[in-house]
>>> print(open('query-v4.pdb').read())   # PDB, C-alpha atoms
MODEL        1
ATOM      1  CA  MET A   1      19.872   6.366 -11.588
ATOM      2  CA  ASN A   2      17.247   6.665  -9.107
ATOM      3  CA  TYR A   3      14.500   9.027  -9.452
ATOM      4  CA  ARG A   4      12.725   8.502  -6.266
ATOM      5  CA  ILE A   5       9.378   9.523  -5.437
ATOM      6  CA  LEU A   6      10.398  12.461  -3.883
ATOM      7  CA  PHE A   7       7.477  14.336  -3.384
ATOM      8  CA  PHE A   8       8.834  16.960  -5.681
ATOM      9  CA  ILE A   9       9.013  18.268  -2.468
ATOM     10  CA  LEU A  10       6.335  16.972  -0.513
ATOM     11  CA  LEU A  11       4.299  15.809  -3.156
ATOM     12  CA  CYS A  12       6.689  13.301  -4.089
ATOM     13  CA  LEU A  13       7.265  14.689  -7.341
ATOM     14  CA  GLY A  14       6.589  11.696  -9.091
ATOM     15  CA  CYS A  15       9.574   9.994  -7.998
ATOM     16  CA  ARG A  16      10.595   8.293  -4.904
ATOM     17  CA  GLU A  17      10.724   9.034  -1.274
ATOM     18  CA  GLU A  18      14.147  10.353  -0.559
ATOM     19  CA  LYS A  19      14.842  12.130  -3.708
ATOM     20  CA  LYS A  20      13.121  13.994  -6.301
ATOM     21  CA  PHE A  21      13.967  12.169  -9.342
ATOM     22  CA  HIS A  22      17.124  10.264  -9.932
ATOM     23  CA  ASP A  23      20.008  10.269  -7.508
ATOM     24  CA  GLN A  24      22.288  11.319 -10.319
ATOM     25  CA  MET A  25      21.497  13.969 -12.854
ATOM     26  CA  TYR A  26      23.442  14.529 -15.993
ATOM     27  CA  VAL A  27      23.677  17.993 -17.417
ATOM     28  CA  ASP A  28      26.338  18.396 -20.012
ATOM     29  CA  ALA A  29      27.870  21.086 -22.094
ATOM     30  CA  GLU A  30      28.126  20.618 -25.816
ATOM     31  CA  LEU A  31      29.870  17.333 -26.564
ATOM     32  CA  PRO A  32      31.158  15.746 -29.760
ATOM     33  CA  SER A  33      28.403  13.602 -31.281
ATOM     34  CA  SER A  34      30.187  10.346 -30.404
ATOM     35  CA  ASP A  35      30.495  11.373 -26.759
ATOM     36  CA  ALA A  36      26.911  12.572 -26.726
ATOM     37  CA  LEU A  37      25.704   9.234 -28.078
ATOM     38  CA  LYS A  38      27.708   7.373 -25.457
ATOM     39  CA  GLU A  39      26.227   9.522 -22.718
ATOM     40  CA  ILE A  40      22.669   8.912 -23.939
ATOM     41  CA  LEU A  41      23.224   5.151 -24.007
ATOM     42  CA  GLU A  42      24.690   5.263 -20.504
ATOM     43  CA  PHE A  43      21.625   7.173 -19.318
ATOM     44  CA  GLN A  44      19.363   4.489 -20.776
ATOM     45  CA  LYS A  45      21.415   1.725 -19.204
ATOM     46  CA  ARG A  46      21.314   3.308 -15.755
ATOM     47  CA  LEU A  47      17.580   3.862 -15.955
ATOM     48  CA  ASP A  48      17.001   0.254 -16.975
ATOM     49  CA  LEU A  49      19.163  -0.946 -14.084
ATOM     50  CA  GLU A  50      17.094   1.075 -11.653
ATOM     51  CA  PHE A  51      13.868  -0.425 -12.939
ATOM     52  CA  LYS A  52      15.317  -3.928 -12.796
ATOM     53  CA  ASP A  53      16.383  -3.497  -9.162
ATOM     54  CA  PRO A  54      13.524  -4.832  -6.972
ATOM     55  CA  GLU A  55      14.497  -2.435  -4.190
ATOM     56  CA  ARG A  56      14.410   0.691  -6.337
ATOM     57  CA  SER A  57      11.969  -0.092  -9.115
ATOM     58  CA  PRO A  58       8.679   1.853  -9.126
ATOM     59  CA  LEU A  59       6.995  -0.996 -11.005
ATOM     60  CA  PRO A  60       4.168  -2.887  -9.320
ATOM     61  CA  ASP A  61       5.223  -6.357  -8.222
ATOM     62  CA  ARG A  62       3.254  -8.015 -11.012
ATOM     63  CA  TYR A  63       5.500  -6.366 -13.625
ATOM     64  CA  LYS A  64       8.886  -6.725 -11.940
ATOM     65  CA  LYS A  65       9.477 -10.399 -12.635
ATOM     66  CA  ASP A  66       9.232 -10.197 -16.409
ATOM     67  CA  PHE A  67      10.610  -6.694 -16.862
ATOM     68  CA  GLU A  68      13.400  -6.625 -19.443
ATOM     69  CA  GLY A  69      13.858  -2.924 -20.060
ATOM     70  CA  LEU A  70      12.171   0.356 -20.846
ATOM     71  CA  ASP A  71      11.255   1.354 -24.371
ATOM     72  CA  PHE A  72      13.360   4.286 -25.601
ATOM     73  CA  PHE A  73      13.400   6.255 -28.796
ATOM     74  CA  PRO A  74      16.668   5.722 -30.669
ATOM     75  CA  PRO A  75      19.302   8.237 -29.509
ATOM     76  CA  ASP A  76      19.125  11.351 -31.655
ATOM     77  CA  THR A  77      21.527  14.229 -31.076
ATOM     78  CA  ASN A  78      19.148  16.544 -32.939
ATOM     79  CA  TYR A  79      17.204  16.557 -29.668
ATOM     80  CA  ARG A  80      20.171  17.981 -27.768
ATOM     81  CA  VAL A  81      19.816  21.754 -27.714
ATOM     82  CA  VAL A  82      21.685  24.641 -26.169
ATOM     83  CA  ALA A  83      19.077  27.028 -24.802
ATOM     84  CA  LYS A  84      19.250  30.604 -23.626
ATOM     85  CA  LEU A  85      18.280  30.819 -19.957
ATOM     86  CA  GLN A  86      16.277  33.922 -19.071
ATOM     87  CA  ARG A  87      16.309  34.070 -15.281
ATOM     88  CA  THR A  88      13.215  35.347 -13.469
ATOM     89  CA  PRO A  89      14.509  36.523 -10.060
ATOM     90  CA  ASN A  90      11.268  38.320  -9.199
ATOM     91  CA  ALA A  91       9.005  35.327  -9.742
ATOM     92  CA  LEU A  92       6.729  34.510  -6.814
ATOM     93  CA  PRO A  93       6.256  30.972  -5.468
ATOM     94  CA  PHE A  94       3.162  29.052  -6.545
ATOM     95  CA  LEU A  95       1.575  25.733  -5.676
ATOM     96  CA  MET A  96       2.116  23.061  -8.311
ATOM     97  CA  PRO A  97      -0.665  20.427  -8.249
ATOM     98  CA  SER A  98      -0.051  16.711  -8.497
ATOM     99  CA  THR A  99      -1.913  13.633  -9.661
ATOM    100  CA  THR A 100      -3.091  12.961  -6.107
ATOM    101  CA  GLY A 101      -4.204  16.488  -5.278
ATOM    102  CA  ALA A 102      -1.155  17.307  -3.168
ATOM    103  CA  ARG A 103       0.692  20.519  -4.001
ATOM    104  CA  SER A 104       4.291  21.644  -3.733
ATOM    105  CA  GLU A 105       5.600  25.184  -3.535
ATOM    106  CA  GLU A 106       7.629  25.975  -6.623
ATOM    107  CA  THR A 107       9.203  29.040  -8.159
ATOM    108  CA  VAL A 108       9.824  29.724 -11.819
ATOM    109  CA  TYR A 109      13.619  29.980 -11.821
ATOM    110  CA  GLY A 110      13.690  31.018 -15.449
ATOM    111  CA  ILE A 111      12.544  30.499 -19.003
ATOM    112  CA  VAL A 112      14.610  28.555 -21.520
ATOM    113  CA  HIS A 113      14.496  29.609 -25.175
ATOM    114  CA  PHE A 114      15.649  27.202 -27.884
ATOM    115  CA  VAL A 115      15.078  25.934 -31.409
ATOM    116  CA  LEU A 116      13.800  22.378 -31.878
ATOM    117  CA  ASN A 117      12.578  20.751 -35.076
ATOM    118  CA  GLY A 118      13.221  24.014 -36.889
ATOM    119  CA  GLU A 119      10.968  26.123 -34.668
ATOM    120  CA  ALA A 120      11.521  28.426 -31.691
ATOM    121  CA  HIS A 121      10.165  27.224 -28.336
ATOM    122  CA  GLN A 122      10.268  28.228 -24.698
ATOM    123  CA  LEU A 123       9.649  26.396 -21.432
ATOM    124  CA  GLU A 124       9.615  27.342 -17.772
ATOM    125  CA  VAL A 125      12.079  25.677 -15.397
ATOM    126  CA  TYR A 126      11.260  25.339 -11.713
ATOM    127  CA  GLN A 127      13.055  25.350  -8.389
ATOM    128  CA  ASN A 128      11.778  24.250  -5.013
ATOM    129  CA  GLN A 129      13.139  25.910  -1.883
ATOM    130  CA  GLU A 130      12.630  22.867   0.318
ATOM    131  CA  PHE A 131      14.373  20.583  -2.095
ATOM    132  CA  MET A 132      17.293  23.000  -2.296
ATOM    133  CA  SER A 133      18.150  22.093   1.288
ATOM    134  CA  LYS A 134      18.942  18.521   0.258
ATOM    135  CA  GLU A 135      22.612  17.742  -0.212
ATOM    136  CA  GLY A 136      23.688  17.892  -3.838
ATOM    137  CA  TYR A 137      20.522  19.609  -5.035
ATOM    138  CA  LEU A 138      21.226  23.283  -4.376
ATOM    139  CA  ASP A 139      21.459  23.968  -8.109
ATOM    140  CA  TYR A 140      18.768  21.534  -9.217
ATOM    141  CA  LEU A 141      16.136  22.604 -11.754
ATOM    142  CA  PHE A 142      13.004  20.702 -12.739
ATOM    143  CA  LEU A 143      11.729  20.812 -16.317
ATOM    144  CA  PRO A 144       8.381  19.066 -16.944
ATOM    145  CA  PHE A 145       6.916  19.251 -20.439
ATOM    146  CA  THR A 146       4.246  17.890 -22.737
ATOM    147  CA  ASP A 147       4.447  17.509 -26.512
ATOM    148  CA  ASN A 148       2.555  16.083 -29.463
ATOM    149  CA  THR A 149       3.607  12.497 -28.746
ATOM    150  CA  ASN A 150       1.704  12.330 -25.444
ATOM    151  CA  GLY A 151      -1.004   9.692 -25.337
ATOM    152  CA  LYS A 152       0.479   8.040 -28.422
ATOM    153  CA  GLU A 153       4.167   7.271 -28.445
ATOM    154  CA  THR A 154       4.704   8.626 -24.929
ATOM    155  CA  TYR A 155       2.967   8.851 -21.562
ATOM    156  CA  ALA A 156      -0.178  10.962 -21.722
ATOM    157  CA  GLY A 157       0.773  13.120 -18.747
ATOM    158  CA  GLY A 158       4.049  14.338 -20.195
ATOM    159  CA  ARG A 159       7.646  13.758 -19.206
ATOM    160  CA  TYR A 160      10.347  15.283 -17.006
ATOM    161  CA  LEU A 161      13.934  16.458 -17.357
ATOM    162  CA  ASP A 162      16.514  17.166 -14.650
ATOM    163  CA  LEU A 163      18.787  20.162 -15.117
ATOM    164  CA  ARG A 164      21.466  22.041 -13.190
ATOM    165  CA  ILE A 165      21.774  25.795 -12.924
ATOM    166  CA  PRO A 166      24.481  26.919 -15.361
ATOM    167  CA  LYS A 167      27.128  29.515 -14.611
ATOM    168  CA  ASP A 168      26.167  31.633 -17.593
ATOM    169  CA  GLU A 169      23.108  32.245 -19.754
ATOM    170  CA  SER A 170      23.381  29.032 -21.791
ATOM    171  CA  ILE A 171      21.996  25.698 -20.644
ATOM    172  CA  SER A 172      22.183  22.305 -22.333
ATOM    173  CA  ILE A 173      18.919  20.384 -22.652
ATOM    174  CA  ASP A 174      19.002  16.794 -23.874
ATOM    175  CA  PHE A 175      15.520  15.485 -24.607
ATOM    176  CA  ASN A 176      17.044  12.014 -25.011
ATOM    177  CA  LYS A 177      17.038  12.044 -21.199
ATOM    178  CA  ALA A 178      13.326  12.774 -20.884
ATOM    179  CA  TYR A 179      11.772  10.258 -18.500
ATOM    180  CA  ASN A 180       8.303   9.338 -17.293
ATOM    181  CA  PRO A 181       7.031  10.239 -13.826
ATOM    182  CA  TYR A 182       6.670   7.232 -11.564
ATOM    183  CA  CYS A 183       2.888   7.429 -11.714
ATOM    184  CA  ALA A 184       3.170   6.351 -15.364
ATOM    185  CA  TYR A 185       4.107   2.931 -13.955
ATOM    186  CA  ASN A 186       2.378   2.788 -10.585
ATOM    187  CA  VAL A 187      -0.655   4.734  -9.332
ATOM    188  CA  LYS A 188       0.637   4.751  -5.765
ATOM    189  CA  TYR A 189       3.029   7.565  -6.665
ATOM    190  CA  SER A 190       2.159  11.238  -6.638
ATOM    191  CA  CYS A 191       3.461  13.194  -9.625
ATOM    192  CA  PRO A 192       3.479  16.903 -10.371
ATOM    193  CA  LEU A 193       1.249  17.887 -13.250
ATOM    194  CA  VAL A 194       2.934  19.621 -16.153
ATOM    195  CA  PRO A 195       1.861  23.303 -16.260
ATOM    196  CA  SER A 196      -0.036  24.183 -19.426
ATOM    197  CA  VAL A 197       2.579  26.768 -20.376
ATOM    198  CA  ASN A 198       5.097  23.957 -20.799
ATOM    199  CA  ASN A 199       3.496  22.362 -23.813
ATOM    200  CA  LEU A 200       5.693  21.976 -26.903
ATOM    201  CA  ASP A 201       3.692  22.117 -30.105
ATOM    202  CA  THR A 202       5.952  19.583 -31.794
ATOM    203  CA  LYS A 203       6.869  15.920 -31.491
ATOM    204  CA  VAL A 204       9.750  15.108 -29.173
ATOM    205  CA  LEU A 205      10.822  11.727 -30.542
ATOM    206  CA  ALA A 206      13.486  11.202 -27.899
ATOM    207  CA  GLY A 207      13.749   9.813 -24.402
ATOM    208  CA  VAL A 208      11.522   7.224 -22.738
ATOM    209  CA  LYS A 209       8.403   6.026 -24.529
ATOM    210  CA  ALA A 210       5.078   5.031 -22.976
ATOM    211  CA  PHE A 211       5.183   1.961 -20.709
ATOM    212  CA  ASN A 212       3.759  -1.148 -22.310
ATOM    213  CA  LYS A 213       2.051  -3.096 -19.537
ATOM    214  CA  HIS A 214       1.299  -6.124 -21.672
TER
ENDMDL
END
>>> encode(input="query-v4.pdb", output="structure tokens")
Amino acid sequence: MNYRILFFILLCLGCREEKKFHDQMYVDAELPSSDALKEILEFQKRLDLEFKDPERSPLPDRYKKDFEGLDFFPPDTNYRVVAKLQRTPNALPFLMPSTTGARSEETVYGIVHFVLNGEAHQLEVYQNQEFMSKEGYLDYLFLPFTDNTNGKETYAGGRYLDLRIPKDESISIDFNKAYNPYCAYNVKYSCPLVPSVNNLDTKVLAGVKAFNKH
């Protein structure tokens, strides 16, 4: 799975140069728990393979040789939610800042409403017009978020999720597939900053943990 710097449209969205995040994005409908677990493990395996590949890994050279794998939370299907998607067709584009000061033009495609850890939450999901012109990404949605694990169990700047526009008003969100922006591993990358409205006042104990550089 390659999440390339992709300037999240010009600003390299925290992932690599040709693409925004990973080459493949996995958005699933509700699955039996056994299938969901298998899918989460496959996601972790693909991400590890990307980081182990010298040609695709965002890691600085000094970390590539001894890299054995990313640190993930154990798969937990409680962090798979089916959210209600409230589309916002009248939203105006805005400039999303990045870690390097670059900005990309984004639009709030909609707001997702869901229950996690027993509480109701909502997050904005974003779409970039320029990125939409890339093959295979016409229905791509970007979901950056922060939560109460940041700076402790997970990267301080928050994490990202890749989604696809659903046909109806329901959208599956699997926080087990939350990943770090490339700048969490290498300062040469430019990563979009998570908007303050996308903070979850709860712990998301799923997905990729903070990178241990030691």
>>> resolve_selection(input="query-v4.pdb", expression="the PyMOL selection byres ((chain A and resi 163-166) around 9)", output="PyMOL selection string")
chain A and resi 25-27+85+125+137-143+161-162+167-173
>>> residues_around(input="query-v4.pdb", residues="region 115-121 of chain A", least_positions_apart="5", cutoff="9 Å", atoms="only C-alpha atoms", output="list in words")
Asn78, Tyr79, Arg80, Val81, Val82, Ala83, Leu200, Asp201, Thr202, Lys203 and Val204 of chain A
>>> write_last_selection(input="query-v4.pdb", atoms="C-alpha atoms", output="PDB file, in the frame of the given file")
ATOM      1  CA  ASN A  78      19.148  16.544 -32.939  1.00  0.00           C
ATOM      2  CA  TYR A  79      17.204  16.557 -29.668  1.00  0.00           C
ATOM      3  CA  ARG A  80      20.171  17.981 -27.768  1.00  0.00           C
ATOM      4  CA  VAL A  81      19.816  21.754 -27.714  1.00  0.00           C
ATOM      5  CA  VAL A  82      21.685  24.641 -26.169  1.00  0.00           C
ATOM      6  CA  ALA A  83      19.077  27.028 -24.802  1.00  0.00           C
ATOM      7  CA  LEU A 200       5.693  21.976 -26.903  1.00  0.00           C
ATOM      8  CA  ASP A 201       3.692  22.117 -30.105  1.00  0.00           C
ATOM      9  CA  THR A 202       5.952  19.583 -31.794  1.00  0.00           C
ATOM     10  CA  LYS A 203       6.869  15.920 -31.491  1.00  0.00           C
ATOM     11  CA  VAL A 204       9.750  15.108 -29.173  1.00  0.00           C
TER      12      VAL A 204
END
>>> atom_distance(input="query-v4.pdb", atom1="CA of Tyr182 (chain A)", atom2="CA of Pro58 (chain A)")
6.2 Å
>>> residues_near_point(input="query-v4.pdb", point="(8.4, 9.5, -17.1)", cutoff="8 Å", atoms="all atoms listed in the file", output="list of chain:residue names")
A:Tyr155, A:Gly158, A:Arg159, A:Tyr160, A:Ala178, A:Tyr179, A:Asn180, A:Pro181, A:Tyr182, A:Cys183, A:Ala184, A:Val208
>>> atom_distance(input="query-v4.pdb", atom1="CA of Lys152 (chain A)", atom2="CA of His113 (chain A)")
25.9 Å
>>> atom_distance(input="query-v4.pdb", atom1="CA of Asn212 (chain A)", atom2="CA of Asp76 (chain A)")
21.9 Å
>>> closest_residue(input="query-v4.pdb", among="A:Gly110, A:Lys84, A:Pro75, A:Thr154", to="Glu39 (chain A)", atoms="all atoms listed in the file")
A:Pro75
>>> residues_around(input="query-v4.pdb", residues="Asp66 (chain A)", least_positions_apart="3", cutoff="12 Å", atoms="all atoms listed in the file", output="VMD selection string")
chain A and resid 51 to 52 54 59 to 63 69 to 70 213 to 214
>>> residues_around(input="query-v4.pdb", residues="Val108 (chain A)", least_positions_apart="5", cutoff="10 Å", atoms="only C-alpha atoms", output="compact mmCIF listing (two decimals) with C-alpha atoms, in the coordinates of the input")
# COMPACT_ATOMS: atom_id res chain seq x y z
CA ARG A 87 16.31 34.07 -15.28
CA THR A 88 13.22 35.35 -13.47
CA PRO A 89 14.51 36.52 -10.06
CA ASN A 90 11.27 38.32 -9.20
CA ALA A 91 9.01 35.33 -9.74
CA LEU A 92 6.73 34.51 -6.81
CA PRO A 93 6.26 30.97 -5.47
CA PHE A 94 3.16 29.05 -6.54
CA GLU A 124 9.62 27.34 -17.77
CA VAL A 125 12.08 25.68 -15.40
CA TYR A 126 11.26 25.34 -11.71
CA GLN A 127 13.06 25.35 -8.39
CA ASN A 128 11.78 24.25 -5.01
CA LEU A 141 16.14 22.60 -11.75
CA PHE A 142 13.00 20.70 -12.74
>>> closest_residue(input="query-v4.pdb", among="A:Phe145, A:Phe175, A:Phe114, A:Phe67", to="Leu193 (chain A)", atoms="all atoms listed in the file")
A:Phe145
>>> closest_residue(input="query-v4.pdb", among="A:Glu130, A:Asp174, A:Glu55, A:Asp48", to="Glu105 (chain A)", atoms="all atoms listed in the file")
A:Glu130
>>> residues_around(input="query-v4.pdb", residues="Thr77 (chain A)", least_positions_apart="6", cutoff="9 Å", atoms="only C-alpha atoms", output="tab-separated table (two decimals) with C-alpha atoms, in the coordinates of the input")
chain	number	residue	atom	x	y	z
A	33	SER	CA	28.40	13.60	-31.28
A	36	ALA	CA	26.91	12.57	-26.73
A	37	LEU	CA	25.70	9.23	-28.08
A	40	ILE	CA	22.67	8.91	-23.94
A	174	ASP	CA	19.00	16.79	-23.87
A	175	PHE	CA	15.52	15.48	-24.61
A	176	ASN	CA	17.04	12.01	-25.01
>>> resolve_selection(input="query-v4.pdb", expression="the PyMOL selection byres ((chain A and resi 97) around 10)", output="PyMOL selection string")
chain A and resi 11+13+94-96+98-105+190-195
>>> closest_residue(input="query-v4.pdb", among="A:Phe72, A:Thr149, A:Phe131, A:Asn198", to="Leu41 (chain A)", atoms="all atoms listed in the file")
A:Phe72
>>> closest_residue(input="query-v4.pdb", among="A:Glu153, A:Asp147, A:Glu135, A:Asp35", to="Asn199 (chain A)", atoms="all atoms listed in the file")
A:Asp147
>>> decode(input="query-v4.pdb", residues="region 100-198 of chain A", atoms="C-alpha atoms", output="PDB file, in the first residue's frame")
ATOM      1  CA  THR A 100       5.901  23.077   5.784  1.00  0.00           C
ATOM      2  CA  GLY A 101       3.650  26.087   5.296  1.00  0.00           C
ATOM      3  CA  ALA A 102       2.340  24.972   1.911  1.00  0.00           C
ATOM      4  CA  ARG A 103      -1.430  24.931   1.463  1.00  0.00           C
ATOM      5  CA  SER A 104      -3.823  22.867  -0.612  1.00  0.00           C
ATOM      6  CA  GLU A 105      -7.314  23.794  -1.726  1.00  0.00           C
ATOM      7  CA  GLU A 106      -9.833  21.502  -0.089  1.00  0.00           C
ATOM      8  CA  THR A 107     -13.589  21.330   0.219  1.00  0.00           C
ATOM      9  CA  VAL A 108     -15.604  19.846   3.045  1.00  0.00           C
ATOM     10  CA  TYR A 109     -17.430  17.076   1.186  1.00  0.00           C
ATOM     11  CA  GLY A 110     -19.501  16.209   4.219  1.00  0.00           C
ATOM     12  CA  ILE A 111     -19.714  15.485   7.913  1.00  0.00           C
ATOM     13  CA  VAL A 112     -19.749  11.944   9.271  1.00  0.00           C
ATOM     14  CA  HIS A 113     -21.765  11.218  12.416  1.00  0.00           C
ATOM     15  CA  PHE A 114     -21.082   8.062  14.425  1.00  0.00           C
ATOM     16  CA  VAL A 115     -20.895   6.517  17.879  1.00  0.00           C
ATOM     17  CA  LEU A 116     -17.491   5.455  19.215  1.00  0.00           C
ATOM     18  CA  ASN A 117     -16.619   4.342  22.732  1.00  0.00           C
ATOM     19  CA  GLY A 118     -20.237   4.883  23.716  1.00  0.00           C
ATOM     20  CA  GLU A 119     -20.357   8.542  22.692  1.00  0.00           C
ATOM     21  CA  ALA A 120     -21.589  10.439  19.633  1.00  0.00           C
ATOM     22  CA  HIS A 121     -18.921  12.100  17.474  1.00  0.00           C
ATOM     23  CA  GLN A 122     -18.650  13.908  14.170  1.00  0.00           C
ATOM     24  CA  LEU A 123     -15.789  14.642  11.786  1.00  0.00           C
ATOM     25  CA  GLU A 124     -15.404  16.532   8.535  1.00  0.00           C
ATOM     26  CA  VAL A 125     -14.277  14.661   5.418  1.00  0.00           C
ATOM     27  CA  TYR A 126     -12.464  16.489   2.637  1.00  0.00           C
ATOM     28  CA  GLN A 127     -12.169  16.363  -1.127  1.00  0.00           C
ATOM     29  CA  ASN A 128      -9.614  18.025  -3.352  1.00  0.00           C
ATOM     30  CA  GLN A 129     -10.594  19.024  -6.880  1.00  0.00           C
ATOM     31  CA  GLU A 130      -7.096  18.641  -8.285  1.00  0.00           C
ATOM     32  CA  PHE A 131      -6.673  15.209  -6.831  1.00  0.00           C
ATOM     33  CA  MET A 132     -10.022  14.165  -8.281  1.00  0.00           C
ATOM     34  CA  SER A 133      -8.470  14.374 -11.737  1.00  0.00           C
ATOM     35  CA  LYS A 134      -6.108  11.511 -10.914  1.00  0.00           C
ATOM     36  CA  GLU A 135      -7.155   8.118 -12.216  1.00  0.00           C
ATOM     37  CA  GLY A 136      -8.900   6.019  -9.595  1.00  0.00           C
ATOM     38  CA  TYR A 137      -9.396   8.893  -7.167  1.00  0.00           C
ATOM     39  CA  LEU A 138     -12.595  10.527  -8.401  1.00  0.00           C
ATOM     40  CA  ASP A 139     -14.471   9.312  -5.323  1.00  0.00           C
ATOM     41  CA  TYR A 140     -11.622   9.681  -2.844  1.00  0.00           C
ATOM     42  CA  LEU A 141     -12.227  11.308   0.547  1.00  0.00           C
ATOM     43  CA  PHE A 142      -9.603  12.340   3.087  1.00  0.00           C
ATOM     44  CA  LEU A 143     -10.302  12.035   6.810  1.00  0.00           C
ATOM     45  CA  PRO A 144      -7.604  13.448   9.129  1.00  0.00           C
ATOM     46  CA  PHE A 145      -8.260  13.359  12.865  1.00  0.00           C
ATOM     47  CA  THR A 146      -6.712  13.830  16.277  1.00  0.00           C
ATOM     48  CA  ASP A 147      -7.683  12.065  19.499  1.00  0.00           C
ATOM     49  CA  ASN A 148      -6.618  11.663  23.108  1.00  0.00           C
ATOM     50  CA  THR A 149      -3.797   9.246  22.285  1.00  0.00           C
ATOM     51  CA  ASN A 150      -1.790  11.849  20.347  1.00  0.00           C
ATOM     52  CA  GLY A 151       1.626  12.579  21.795  1.00  0.00           C
ATOM     53  CA  LYS A 152       1.410   9.425  23.905  1.00  0.00           C
ATOM     54  CA  GLU A 153       0.490   6.191  22.205  1.00  0.00           C
ATOM     55  CA  THR A 154       0.241   7.805  18.766  1.00  0.00           C
ATOM     56  CA  TYR A 155       1.865  10.510  16.657  1.00  0.00           C
ATOM     57  CA  ALA A 156       1.358  13.964  18.138  1.00  0.00           C
ATOM     58  CA  GLY A 157       0.080  15.479  14.901  1.00  0.00           C
ATOM     59  CA  GLY A 158      -2.804  13.070  14.468  1.00  0.00           C
ATOM     60  CA  ARG A 159      -3.521  10.382  11.914  1.00  0.00           C
ATOM     61  CA  TYR A 160      -5.252   9.937   8.559  1.00  0.00           C
ATOM     62  CA  LEU A 161      -7.881   7.677   7.024  1.00  0.00           C
ATOM     63  CA  ASP A 162      -8.707   7.085   3.356  1.00  0.00           C
ATOM     64  CA  LEU A 163     -12.359   6.742   2.401  1.00  0.00           C
ATOM     65  CA  ARG A 164     -14.469   6.398  -0.737  1.00  0.00           C
ATOM     66  CA  ILE A 165     -17.695   8.229  -1.444  1.00  0.00           C
ATOM     67  CA  PRO A 166     -20.575   5.837  -0.732  1.00  0.00           C
ATOM     68  CA  LYS A 167     -23.656   5.451  -2.892  1.00  0.00           C
ATOM     69  CA  ASP A 168     -25.998   6.183  -0.014  1.00  0.00           C
ATOM     70  CA  GLU A 169     -25.912   8.036   3.296  1.00  0.00           C
ATOM     71  CA  SER A 170     -23.958   5.381   5.215  1.00  0.00           C
ATOM     72  CA  ILE A 171     -20.179   5.122   5.177  1.00  0.00           C
ATOM     73  CA  SER A 172     -17.925   2.569   6.851  1.00  0.00           C
ATOM     74  CA  ILE A 173     -15.017   3.941   8.877  1.00  0.00           C
ATOM     75  CA  ASP A 174     -12.402   1.540  10.212  1.00  0.00           C
ATOM     76  CA  PHE A 175     -10.051   3.243  12.651  1.00  0.00           C
ATOM     77  CA  ASN A 176      -7.886   0.107  12.565  1.00  0.00           C
ATOM     78  CA  LYS A 177      -6.688   1.552   9.246  1.00  0.00           C
ATOM     79  CA  ALA A 178      -5.632   4.893  10.708  1.00  0.00           C
ATOM     80  CA  TYR A 179      -2.078   5.654   9.603  1.00  0.00           C
ATOM     81  CA  ASN A 180       0.558   8.278  10.314  1.00  0.00           C
ATOM     82  CA  PRO A 181       1.445  11.019   7.834  1.00  0.00           C
ATOM     83  CA  TYR A 182       4.870  10.564   6.301  1.00  0.00           C
ATOM     84  CA  CYS A 183       6.258  13.506   8.247  1.00  0.00           C
ATOM     85  CA  ALA A 184       5.883  11.361  11.381  1.00  0.00           C
ATOM     86  CA  TYR A 185       8.834   9.378   9.997  1.00  0.00           C
ATOM     87  CA  ASN A 186      10.767  11.886   7.914  1.00  0.00           C
ATOM     88  CA  VAL A 187      10.805  15.695   8.125  1.00  0.00           C
ATOM     89  CA  LYS A 188      11.386  16.048   4.392  1.00  0.00           C
ATOM     90  CA  TYR A 189       7.700  15.357   3.773  1.00  0.00           C
ATOM     91  CA  SER A 190       4.966  17.958   3.851  1.00  0.00           C
ATOM     92  CA  CYS A 191       1.800  16.870   5.652  1.00  0.00           C
ATOM     93  CA  PRO A 192      -1.588  18.522   5.970  1.00  0.00           C
ATOM     94  CA  LEU A 193      -2.399  19.668   9.472  1.00  0.00           C
ATOM     95  CA  VAL A 194      -5.513  18.202  11.032  1.00  0.00           C
ATOM     96  CA  PRO A 195      -8.212  20.913  11.325  1.00  0.00           C
ATOM     97  CA  SER A 196      -9.167  21.643  14.925  1.00  0.00           C
ATOM     98  CA  VAL A 197     -12.770  20.642  14.260  1.00  0.00           C
ATOM     99  CA  ASN A 198     -11.591  17.083  13.652  1.00  0.00           C
TER     100      ASN A 198
END
